[in-house]
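Trainee: Starting off with a structure, shown below.
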Amino acid sequence: MALGLTPYQIIEKGTHPQLVIADEWERVELKKIASVQNGYAFSSKLFNRTEGMPLIRIRDIFSVETENFYLGEYNEDFVVNKGDIIIGMDGDFKVSKWPGNKGLLNQRVCRIHFNSAYYEKAFLFICIQPYLNAIHSETSAVTVKHLSSRTISDIPFPLPPLPIQRAIVAKIEELFSDLDKGIADLKKAQDQLKIYRQAVLKKAFEGELTKEWRNSNTYTMQDFLQKLKLEKLKAIKEKLIPKGEYFPKYESKDLTYNPPQNWITLPWKTLCANNKYAMKRGPFGSALKKEFFVEKGIVVYEQGHAINDEPYRHRYYITNEKFKELKAFETKAGDMIISCSGVTLGRICLLPEDADIGVINQALLKIDMDESIMLKRYFIQLFRSGSFQRLIFQKSLGSAMPNMVGMAELKEIPIPIPPIEEQHQILKEIESRLSVCYKVEESITESLEKAKALRQSILKKAFEGTLLSTAEIAKCKQAEDYEPASVLLAKIKKEKS
């Protein structure tokens with residue numbers, strides 16, 4: 001993480017429209033009206049899924065229920081109550097009013113303790129996210145961005161007169177009410193499409209979509225399996241791959257999917273090409289420090305490539321000499337790269353034919369798949385299915401930020417394999433069912449983007465002092481507690497001292 005500017009300097013840049021305030025207003029740093037409490041590093045050994053105190057991690061800040069619970073002793077100072085303002089300090093920097101009941105403030109989540117009589121808590125909550133967005137955009141990072149409590153404390157928020165604060169909150173709540181209802185309806189439709197997609201994928205990878213095809217195309221995979229065993233034995237003898245059990249026998253309890261009897265199930269490592277770097281996690285951070293980067297050279301593939309499925313989105317490069325040192329982490333056209341940490345764990349990108357040769361960084365996993373066993377397009381659909389994704393996330397229970405399981409365990413994940421001809425047919429069946437789904441999703445996404453833009457426009461007007469009408473401002477000035485922002489700021493300073 002590297003935030004090279006202070007919050008004041010970010011404002012002075014003038015490149016973030018929502019940070020502009022009305023001329024007659026003042027600014028007040030958060031530390032003058034509130035304190036920031038960092039979360040506690042609760043022991044992951046005491047995490048579980050069912051009992052104990054709800055544990056509020058970054059992924060939970062908008063959820064009524066948490067994924068994990070903590071079954072151990074804790075200090076009451078770290079108990080979060082419904083409505084408390086909390087901020088996720090890694091990744092996207094999001095603020096939330098905690099919607100659940102009591103929970104524990106975990107590390108990398110902070111809470112804002114409001115303590116001023118001269119600032120409206122509801123107005124502060126409205127102000128926070130635009131400033132977090134600006135800080136996020138000014139923060140550079142190779143992997144996950146990090147936010148410090150000191151930076152949050154130093155943010156100079158808008159300070160209008162108290163009646164103006166209340167009037168802005170009331171108007172925004174009114175305007176956002178209808179907007180939020182529309183957004184909720186769109187997201188509900190989006191969720192229903194996701195459920196439908198996952199139902200299609202589950203049926204696809206358990207052979208339900210190709211029942212008729214199999215009735216017309218009888219086959220056995222025994223000859224294929226025998227040939228594959230010979231190829232793997234040869235690869236072991238030639239020391240292309242390490243020794244190991246590439247063809248274990250599974251019981252039904254070991255399987256994530258329930259495939260047809262004439263399919264075979266093999267560990268993930270068996271599906272990879274016959275080279276020792278076919279399934280490779282990125283290097284340790286010390287092997288690929290930012291100081292090694294140059295303006296042009298060999299591409300460094302990072303999480304953003306996998307997260308956004310953008311194989312041409314290059315930001316970092318290394319020299320040819322450094323590339324030779326990191327040859328084991330080489331990736332090329334036809335490889336698949338997978339994000340291995342953070343809330344975006346499990347995103348995948350297939351590098352196209354014209355992709356640049358490069359190396360993966362520490363947050364990626366590279367897969368060189370043998371397409372005589374499984375089509376890469378087929379594997380990507382399988383990998384994105386809910387069952388496979390849940391398998392990956394279930395394995396990441398203990399850490400503060402979700403991470404991919406260790407390579408030894410990852411290589412052993414059992415994967416159902418139909419013959420190549422049926423894989424092609426399954427892809428056709430999936431695409432025929434989901435093509436309309438994708439079009440509807442695009443329309444929903446476009447509508448959500450428009451709603452987001454409208455929300456930003458409302459907030460911009462609020463902070464500029466133009467959201468309230470002349471009559472509404474005149475009414476505010478008649479309130480008993482109306483006083484100029486400069487007087488209010490002096491009272492806050494006196495209150496703090």
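By convention in this document, the chains of the structure tokens carry letters A, B, ... by their order, each chain's residues are numbered from 1, and ligands are numbered from 1 in the order they are shown.
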Would you pick out the contacts of segment 249-258 of chain A at 10 Å or less, using only C-alpha atoms, so that residues sharing its chain but fewer than 2 positions from it are not included, and give the list as a PyMOL selection string?

Mentor: chain A and resi 202-203+205-207+245-247+260-261+265-267+387-388+390-391+413-416

Trainee: Pick out the residues sitting within 10 Å of Ala134 of chain A, and hand them over as a list in words; count only C-alpha atoms, and ignore anything fewer than 5 positions along from it in its own chain.

Mentor: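 With the cut-off at 10 Å, the set is Pro7, Ile10, Ile11, Thr15, His16, Pro17, Gln18, Leu19, Phe93, Gln129 and Thr139 of chain A.
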
Trainee: Residues within 8 Å of Phe293 of chain A, please, as a list in words. Count only C-alpha atoms; anything in the same chain fewer than 2 positions from it doesn't count.

Mentor: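 Counting only the stated atoms, we get Lys289, Lys290, Glu291, Glu295, Tyr316, Tyr317, Ile318 and Thr319 of chain A.
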
Trainee: Based on the selection just made, write N, CA, C and O atoms of those residues as a PDB file, in the first residue's frame.

Mentor:
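Everything below was put into out_6.pdb:
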```pdb
ATOM      1  N   LYS A 289       9.587  -7.644  -5.560  1.00  0.00           N
ATOM      2  CA  LYS A 289       9.308  -6.367  -4.915  1.00  0.00           C
ATOM      3  C   LYS A 289       9.070  -5.280  -5.960  1.00  0.00           C
ATOM      4  O   LYS A 289       9.505  -5.386  -7.102  1.00  0.00           O
ATOM      5  N   LYS A 290       8.403  -4.235  -5.527  1.00  0.00           N
ATOM      6  CA  LYS A 290       8.088  -3.136  -6.438  1.00  0.00           C
ATOM      7  C   LYS A 290       9.354  -2.472  -6.988  1.00  0.00           C
ATOM      8  O   LYS A 290       9.355  -1.931  -8.089  1.00  0.00           O
ATOM      9  N   GLU A 291      10.426  -2.544  -6.214  1.00  0.00           N
ATOM     10  CA  GLU A 291      11.686  -1.920  -6.645  1.00  0.00           C
ATOM     11  C   GLU A 291      12.291  -2.623  -7.859  1.00  0.00           C
ATOM     12  O   GLU A 291      13.185  -2.083  -8.524  1.00  0.00           O
ATOM     13  N   GLU A 295      10.007   0.419 -16.442  1.00  0.00           N
ATOM     14  CA  GLU A 295       8.983   1.078 -17.259  1.00  0.00           C
ATOM     15  C   GLU A 295       8.465   0.166 -18.365  1.00  0.00           C
ATOM     16  O   GLU A 295       7.261   0.125 -18.641  1.00  0.00           O
ATOM     17  N   TYR A 316       2.784  -3.392 -14.566  1.00  0.00           N
ATOM     18  CA  TYR A 316       4.129  -3.614 -14.048  1.00  0.00           C
ATOM     19  C   TYR A 316       4.945  -4.518 -14.982  1.00  0.00           C
ATOM     20  O   TYR A 316       4.399  -5.429 -15.612  1.00  0.00           O
ATOM     21  N   TYR A 317       6.260  -4.249 -15.008  1.00  0.00           N
ATOM     22  CA  TYR A 317       7.171  -4.990 -15.872  1.00  0.00           C
ATOM     23  C   TYR A 317       8.478  -5.263 -15.127  1.00  0.00           C
ATOM     24  O   TYR A 317       8.828  -4.553 -14.169  1.00  0.00           O
ATOM     25  N   ILE A 318       9.205  -6.306 -15.574  1.00  0.00           N
ATOM     26  CA  ILE A 318      10.532  -6.597 -15.036  1.00  0.00           C
ATOM     27  C   ILE A 318      11.517  -6.762 -16.191  1.00  0.00           C
ATOM     28  O   ILE A 318      11.114  -6.911 -17.349  1.00  0.00           O
ATOM     29  N   THR A 319      12.796  -6.768 -15.874  1.00  0.00           N
ATOM     30  CA  THR A 319      13.827  -6.924 -16.901  1.00  0.00           C
ATOM     31  C   THR A 319      13.933  -8.383 -17.346  1.00  0.00           C
ATOM     32  O   THR A 319      13.437  -9.289 -16.665  1.00  0.00           O
TER      33      THR A 319
END
```

Trainee: Which is closer to Pro242 of chain A than all the others in A:Asn48, A:Ser116, A:Asn217, A:Asn274, using only C-alpha atoms?

Mentor: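 Closest residue, counting only C-alpha atoms: A:Asn274.
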
Trainee: With segment 451-465 of chain A as the partner and 9 Å as the cut-off, tabulate the residues of segment 167-261 of chain A that qualify, each row holding the nearest pair of atoms and their distance in Å to one decimal, using only C-alpha atoms, sorted by chain and rising number, as CSV.

Mentor:
```
residue,atom,partner,partner_atom,distance
A:Ile168,CA,A:Ala462,CA,6.6
A:Ile172,CA,A:Ile458,CA,7.5
A:Leu175,CA,A:Ile458,CA,8.3
A:Phe176,CA,A:Arg455,CA,7.4
A:Leu179,CA,A:Ala451,CA,7.0
A:Asp180,CA,A:Ala451,CA,8.7
A:Gly182,CA,A:Ala451,CA,8.4
A:Ile183,CA,A:Ala451,CA,7.1
```

Trainee: Given the choices A:Ser63, A:Ser432, A:Gln423, A:Asn320, which gets closest to Arg377 of chain A if the distance is worked out from only C-alpha atoms?

Mentor: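 When distances to Arg377 of chain A are compared using only C-alpha atoms, the smallest one comes from A:Gln423.
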
Trainee: Can you work out the spacing between atom CA of Arg111 of chain A and atom CA of Phe62 of chain A in Å, to one decimal?

Mentor: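 Interatomic distance, atom CA of Arg111 of chain A to atom CA of Phe62 of chain A: 13.7 Å.
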
Trainee: Quick one: residues within 10 Å of Glu371 of chain A, only C-alpha atoms counted, chain neighbours fewer than 3 positions away excluded, as number ranges by chain?

Mentor: A: 271-273, 368, 374-379, 420

Trainee: Within 9 Å of Leu46 of chain A, counting only C-alpha atoms, which residues show up once you throw out same-chain ones fewer than 6 positions away? Write them as an MDAnalysis selection string, please.

Mentor: chainID A and resid 69:72 398

Trainee: I'd like the neighbourhood of Arg281 of chain A as an NGL selection string, where a residue qualifies if any of its atoms comes within 10 Å (using only C-alpha atoms), though same-chain residues fewer than 3 positions away should be ignored.

Mentor: :A and (277-278 or 284 or 328-329 or 337-340 or 360-367 or 404 or 406-407)

Trainee: What lies within 12 Å of Ile33 of chain A using only C-alpha atoms, ignoring chain neighbours under 6 positions off, as a list in words?

Mentor: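 Result of the neighbour search: Arg27, Ile112, His113, Phe114, Asn115, Ser116, Ala117, Tyr118, Tyr119, Glu120, Lys121, Leu124, Ser153, Asp154, Ile155, Pro156, Phe157, Pro158, Leu159, Leu488, Leu489, Lys491, Ile492, Lys493, Lys494, Glu495, Lys496 and Ser497 of chain A.
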
Trainee: Rank A:Gln190, A:Gln381, A:Ser372, A:Gln37 by their smallest atom-to-atom distance to Cys437 of chain A, using only C-alpha atoms, and report the top residue only.

Mentor: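 Residue with the minimum atom-to-atom distance to Cys437 of chain A: A:Gln190.
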
Trainee: Going by DSSP on the backbone, which bits of segment 194-367 of chain A are strand (DSSP E)? Write them as a list in words, please.

Mentor: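 Filtering segment 194-367 of chain A down to strand (DSSP E) leaves Ile264, Thr265, Leu266, Pro267, Met279, Lys280, Arg281, Ile298, Val299, Val300, Tyr301, Tyr317, Ile318, Glu330, Thr331, Met336, Ile337, Ile338, Ser339, Ile348, Cys349, Leu350, Gly358, Val359, Ile360, Leu364, Leu365, Lys366 and Ile367 of chain A.
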
Trainee: In terms of the shortest atom-to-atom distance over only C-alpha atoms, which of A:Asn68, A:Ser216, A:Thr6, A:Gln165 is closest to Trp25 of chain A?

Mentor: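 Looking only at the distances to Trp25 of chain A, the closest residue turns out to be A:Gln165.
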